[in-house]
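Scroll down for the structure; my scribbles are underneath it.
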Amino acid sequence: MKSRQEVIKAFAELPEDITTRDIAGATGRGVPGVQNWITHDKTFPGESAPPRGRTKYRSKTKVLEWYLSQSFAGDDRLGPRAMGESARRVQPELERMNIKELAGVLGVTPAAVRHHITANQPGECVDPFPASGDDGRRPWPQVRSWLLRHDDPLPGPGESGAPDWAEVRGWLLRNAADGLEHPDAEGLTLGQRDLIERARAAKAAGVKIPAEWLSEVLGIEDTRKVGRLLRGAPARAQPARLRPTALARHFGLTVSQVKHFERHYVPEEFSDAFPGKDESSTRDVGDVRAWLERNNKLPADSR
């Protein structure tokens with residue numbers, strides 16, 4: 001989803017008669033979403049020019065006028081650039097957040113966060129939106145870094161046909177000094193995390209980064225740790241909260257068993273009810289283990 005001003009700017013660069021795909025690109029929506037407007041909103045502008053095959057055209061001016069009149073196009077809706085600016089400013093207390101928590105920190109709606117997740121899926125783009133863990137939460141440093149580089153793309157090839165290393169190096173180090181006073185559980189600052197995430201994105205795009213240089217800049221002598229970080233496999237502590245499927249796998253149960261506990265052992269009928277879930281459908285792992293042990297329902301190989 002783009003801000004009002006970003007949409008206006010994008011439409012200004014389009015031809016007079018535009019396609020559904022043009023509208024999707026200019027508004028930051030998916031093609032199915034635009035088709036939904038066309039199908040279900042009688043006020044959406046009709047065709048303005050003869051179709052070419054199956055491609056239909058509409059007036060850029062009328063579509064923009066319609067879009068700006070909608071409630072979702074208000075000035076309070078932040079686009080990706082504004083979200084990046086918010087990400088740079090804020091200092092959230094949580095290191096891992098679900099979609100609603102990310103939206104709250106960034107000052108946008110959950111739908112805006114979901115849009116970026118859906119539009120930037122692994123396998124569909126070089127730099128996908130950070131994936132969630134089994135608990136439905138995403139690491140804030142990774143989300144922050146993704147937003148910061150969203151409008152700060154990797155430098156393109158130079159005259160030689162390959163990216164200029166000096167430009168790439170400057171891009172990698174763009175935010176290296178950020179958050180020095182807030183190291184994470186592995187002792188890495190926000191700036192170091194951003195460098196790691198940028199290096200991962202650059203490698204995915206085919207850029208070769210000298211391992212010795214990266215290790216020196218990060219201040220990490222153990223190249224194996226640097227390699228692990230670049231693979232996106234940071235050291236993980238015991239999960240605090242998990243969703244039903246991951247919870248079942250963690251304790252050696254079936255998903256059906258977890259759902260049975262959830263439906264049958266309810267507060268209205270049992271003083272020792274099955275631990276409740278939060279809005280992300282996750283449960284506290286420690287609470288669940290204690291409940292399973294008290295009620296003799298923990299599989300023998302999980303004790």
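Residues are named by chain letter and number: chains run A, B, ... in the order of the structure tokens, numbers start at 1 in each chain, and ligands are numbered from 1 in the order shown.
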As a PyMOL selection string, list the residues of stretch 56-237 of chain A assigned to helix (DSSP H, G or I) by DSSP on the backbone atoms of this structure.
-> chain A and resi 60-68+71-73+80-89+99-106+110-119+140-150+165-172+190-204+211-218+223-230
Kindly export the residues of the current selection with C-alpha atoms, as a JSON list (two decimals), in the first residue's frame.
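Writing done, so here's out16.json:
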[["chain", "number", "residue", "atom", "x", "y", "z"],
["A", 60, "LYS", "CA", -5.80, 7.59, -15.72],
["A", 61, "THR", "CA", -7.41, 10.84, -14.57],
["A", 62, "LYS", "CA", -10.74, 9.25, -13.67],
["A", 63, "VAL", "CA", -9.17, 6.27, -11.90],
["A", 64, "LEU", "CA", -6.94, 8.54, -9.81],
["A", 65, "GLU", "CA", -9.91, 10.76, -8.97],
["A", 66, "TRP", "CA", -11.87, 7.67, -7.86],
["A", 67, "TYR", "CA", -8.96, 6.33, -5.82],
["A", 68, "LEU", "CA", -8.33, 9.60, -3.96],
["A", 71, "SER", "CA", -11.42, 6.28, 2.65],
["A", 72, "PHE", "CA", -8.37, 4.03, 2.38],
["A", 73, "ALA", "CA", -6.51, 6.74, 0.43],
["A", 80, "PRO", "CA", 6.71, 2.14, 2.29],
["A", 81, "ARG", "CA", 9.02, 5.16, 2.33],
["A", 82, "ALA", "CA", 7.24, 6.64, 5.35],
["A", 83, "MET", "CA", 7.28, 3.20, 7.00],
["A", 84, "GLY", "CA", 11.04, 3.13, 6.55],
["A", 85, "GLU", "CA", 11.34, 6.54, 8.17],
["A", 86, "SER", "CA", 9.22, 5.32, 11.08],
["A", 87, "ALA", "CA", 11.34, 2.18, 11.39],
["A", 88, "ARG", "CA", 14.48, 4.30, 11.72],
["A", 89, "ARG", "CA", 12.96, 6.49, 14.46],
["A", 99, "ILE", "CA", 1.74, -8.36, 12.37],
["A", 100, "LYS", "CA", -0.48, -6.31, 14.67],
["A", 101, "GLU", "CA", 2.47, -5.34, 16.87],
["A", 102, "LEU", "CA", 4.57, -4.35, 13.85],
["A", 103, "ALA", "CA", 1.71, -2.23, 12.54],
["A", 104, "GLY", "CA", 1.38, -0.49, 15.90],
["A", 105, "VAL", "CA", 5.08, 0.32, 16.08],
["A", 106, "LEU", "CA", 5.17, 1.62, 12.49],
["A", 110, "PRO", "CA", -2.07, -4.50, 9.85],
["A", 111, "ALA", "CA", -3.28, -4.61, 6.23],
["A", 112, "ALA", "CA", -0.34, -2.42, 5.20],
["A", 113, "VAL", "CA", 2.11, -4.86, 6.76],
["A", 114, "ARG", "CA", 0.32, -7.83, 5.21],
["A", 115, "HIS", "CA", 0.54, -6.15, 1.81],
["A", 116, "HIS", "CA", 4.34, -6.11, 1.96],
["A", 117, "ILE", "CA", 4.41, -9.71, 3.16],
["A", 118, "THR", "CA", 2.14, -10.88, 0.33],
["A", 119, "ALA", "CA", 3.83, -8.80, -2.37],
["A", 140, "TRP", "CA", 12.34, -6.51, 14.45],
["A", 141, "PRO", "CA", 15.96, -5.93, 13.26],
["A", 142, "GLN", "CA", 15.24, -7.89, 10.07],
["A", 143, "VAL", "CA", 11.95, -6.08, 9.39],
["A", 144, "ARG", "CA", 13.60, -2.73, 10.11],
["A", 145, "SER", "CA", 16.45, -3.48, 7.71],
["A", 146, "TRP", "CA", 14.04, -4.63, 4.98],
["A", 147, "LEU", "CA", 12.08, -1.39, 5.24],
["A", 148, "LEU", "CA", 15.23, 0.76, 5.23],
["A", 149, "ARG", "CA", 16.50, -0.78, 2.01],
["A", 150, "HIS", "CA", 13.08, -0.91, 0.33],
["A", 165, "TRP", "CA", 32.54, -2.34, -5.27],
["A", 166, "ALA", "CA", 32.97, 1.14, -3.81],
["A", 167, "GLU", "CA", 29.26, 1.86, -4.35],
["A", 168, "VAL", "CA", 28.22, -1.55, -3.02],
["A", 169, "ARG", "CA", 30.42, -1.08, 0.04],
["A", 170, "GLY", "CA", 28.85, 2.31, 0.75],
["A", 171, "TRP", "CA", 25.40, 0.75, 0.41],
["A", 172, "LEU", "CA", 26.29, -2.11, 2.77],
["A", 190, "LEU", "CA", 20.98, -2.77, 14.80],
["A", 191, "GLY", "CA", 23.68, -1.48, 12.45],
["A", 192, "GLN", "CA", 25.45, -4.84, 12.37],
["A", 193, "ARG", "CA", 22.16, -6.62, 11.73],
["A", 194, "ASP", "CA", 21.39, -4.21, 8.91],
["A", 195, "LEU", "CA", 24.81, -4.90, 7.38],
["A", 196, "ILE", "CA", 24.20, -8.64, 7.59],
["A", 197, "GLU", "CA", 20.75, -8.33, 6.00],
["A", 198, "ARG", "CA", 22.12, -6.12, 3.21],
["A", 199, "ALA", "CA", 24.94, -8.57, 2.60],
["A", 200, "ARG", "CA", 22.41, -11.41, 2.33],
["A", 201, "ALA", "CA", 20.32, -9.41, -0.16],
["A", 202, "ALA", "CA", 23.41, -8.51, -2.19],
["A", 203, "LYS", "CA", 24.60, -12.15, -2.32],
["A", 204, "ALA", "CA", 21.13, -13.24, -3.45],
["A", 211, "ALA", "CA", 34.37, -12.75, 3.59],
["A", 212, "GLU", "CA", 37.44, -11.23, 5.25],
["A", 213, "TRP", "CA", 36.11, -7.71, 4.77],
["A", 214, "LEU", "CA", 32.70, -8.59, 6.18],
["A", 215, "SER", "CA", 34.21, -10.37, 9.17],
["A", 216, "GLU", "CA", 36.49, -7.39, 9.90],
["A", 217, "VAL", "CA", 33.71, -4.81, 9.64],
["A", 218, "LEU", "CA", 31.41, -6.86, 11.87],
["A", 223, "THR", "CA", 34.06, -16.81, 10.06],
["A", 224, "ARG", "CA", 31.75, -19.75, 10.78],
["A", 225, "LYS", "CA", 29.50, -17.46, 12.80],
["A", 226, "VAL", "CA", 29.55, -14.90, 9.98],
["A", 227, "GLY", "CA", 28.59, -17.65, 7.54],
["A", 228, "ARG", "CA", 25.75, -18.77, 9.80],
["A", 229, "LEU", "CA", 24.42, -15.22, 10.07],
["A", 230, "LEU", "CA", 24.54, -14.81, 6.29]]
Using only C-alpha atoms, tabulate the residues of stretch 37-116 of chain A lying at most 12 Å from any atom of stretch 175-189 of chain A, each with its closest atom pair and that distance in Å to one decimal, by chain and increasing residue number, as a Markdown table.
| residue | atom | partner | partner_atom | distance |
| --- | --- | --- | --- | --- |
| A:Ala87 | CA | A:Asp178 | CA | 11.8 |
| A:Arg88 | CA | A:Asp178 | CA | 8.8 |
| A:Arg89 | CA | A:Gly179 | CA | 10.5 |
| A:Val90 | CA | A:Gly179 | CA | 10.8 |
| A:Gln91 | CA | A:Gly179 | CA | 9.1 |
| A:Pro92 | CA | A:His182 | CA | 10.8 |
| A:Glu93 | CA | A:His182 | CA | 10.5 |
| A:Leu94 | CA | A:Asp184 | CA | 10.8 |
| A:Glu95 | CA | A:Asp184 | CA | 8.0 |
| A:Arg96 | CA | A:Asp184 | CA | 11.0 |
Can those selected residues be exported to a file as a tab-separated table (two decimals), in the first residue's frame so that it contains N, CA, C and O atoms?
chain	number	residue	atom	x	y	z
A	87	ALA	N	10.51	3.27	10.89
A	87	ALA	CA	11.34	2.18	11.39
A	87	ALA	C	12.68	2.70	11.90
A	87	ALA	O	13.23	2.18	12.88
A	88	ARG	N	13.21	3.73	11.29
A	88	ARG	CA	14.48	4.30	11.72
A	88	ARG	C	14.33	5.05	13.04
A	88	ARG	O	15.25	5.07	13.87
A	89	ARG	N	13.16	5.65	13.27
A	89	ARG	CA	12.96	6.49	14.46
A	89	ARG	C	12.64	5.68	15.71
A	89	ARG	O	13.11	6.02	16.80
A	90	VAL	N	11.79	4.67	15.58
A	90	VAL	CA	11.24	4.01	16.76
A	90	VAL	C	12.25	3.07	17.42
A	90	VAL	O	13.18	2.59	16.79
A	91	GLN	N	12.02	2.82	18.71
A	91	GLN	CA	12.83	1.88	19.47
A	91	GLN	C	11.88	0.97	20.25
A	91	GLN	O	11.65	1.16	21.44
A	92	PRO	N	11.30	-0.02	19.58
A	92	PRO	CA	10.31	-0.89	20.22
A	92	PRO	C	10.92	-1.72	21.34
A	92	PRO	O	12.11	-2.06	21.31
A	93	GLU	N	10.10	-2.04	22.33
A	93	GLU	CA	10.56	-2.85	23.45
A	93	GLU	C	10.71	-4.31	23.05
A	93	GLU	O	11.58	-5.02	23.55
A	94	LEU	N	9.84	-4.78	22.16
A	94	LEU	CA	9.87	-6.18	21.74
A	94	LEU	C	10.87	-6.38	20.61
A	94	LEU	O	10.95	-5.57	19.69
A	95	GLU	N	11.63	-7.48	20.66
A	95	GLU	CA	12.56	-7.78	19.58
A	95	GLU	C	11.90	-8.61	18.49
A	95	GLU	O	12.31	-8.59	17.34
A	96	ARG	N	10.85	-9.35	18.86
A	96	ARG	CA	10.08	-10.14	17.90
A	96	ARG	C	8.62	-9.73	18.01
A	96	ARG	O	8.08	-9.62	19.12
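Of the residues listed (A:Asn296, A:Thr43, A:Thr19, A:Ser280), A:Ser280 shows the shortest atom-to-atom separation from A:Ser132; distances use only C-alpha atoms.
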Which value, in Å to one decimal, gives the distance between atom CA of A:Gly276 and atom CA of A:Phe261?
->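 Taking atom CA of A:Gly276 and atom CA of A:Phe261, their separation equals 10.5 Å.
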Please indicate the distance in Å from atom CA of A:Lys42 to atom CA of A:Ile23, rounded to one decimal place.
->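 Straight-line distance from atom CA of A:Lys42 to atom CA of A:Ile23 works out to 17.0 Å.
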Within 8 Å of A:Ala49, counting only C-alpha atoms, which residues qualify if same-chain residues fewer than 3 places away don't, as a ChimeraX atom specification?
-> /A:17,56-58
Can you write just those residues out, N, CA, C and O atoms, as a short mmCIF file (atom, residue, chain, number, x, y, z; two decimals), in the first residue's frame?
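The resulting file, selection_9.cif, is shown below:
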data_model
loop_
_atom_site.label_atom_id
_atom_site.label_comp_id
_atom_site.auth_asym_id
_atom_site.auth_seq_id
_atom_site.Cartn_x
_atom_site.Cartn_y
_atom_site.Cartn_z
N ASP A 17 -4.30 6.31 -20.92
CA ASP A 17 -5.15 5.12 -20.78
C ASP A 17 -4.32 4.01 -20.14
O ASP A 17 -3.25 3.65 -20.64
N LYS A 56 -7.91 -4.41 -21.10
CA LYS A 56 -8.85 -3.29 -21.09
C LYS A 56 -8.17 -2.04 -20.55
O LYS A 56 -7.27 -2.12 -19.72
N TYR A 57 -8.65 -0.87 -21.01
CA TYR A 57 -8.02 0.39 -20.64
C TYR A 57 -9.03 1.33 -19.98
O TYR A 57 -10.21 1.36 -20.32
N ARG A 58 -8.51 2.11 -19.02
CA ARG A 58 -9.32 3.09 -18.31
C ARG A 58 -8.59 4.41 -18.22
O ARG A 58 -7.36 4.45 -18.27
#
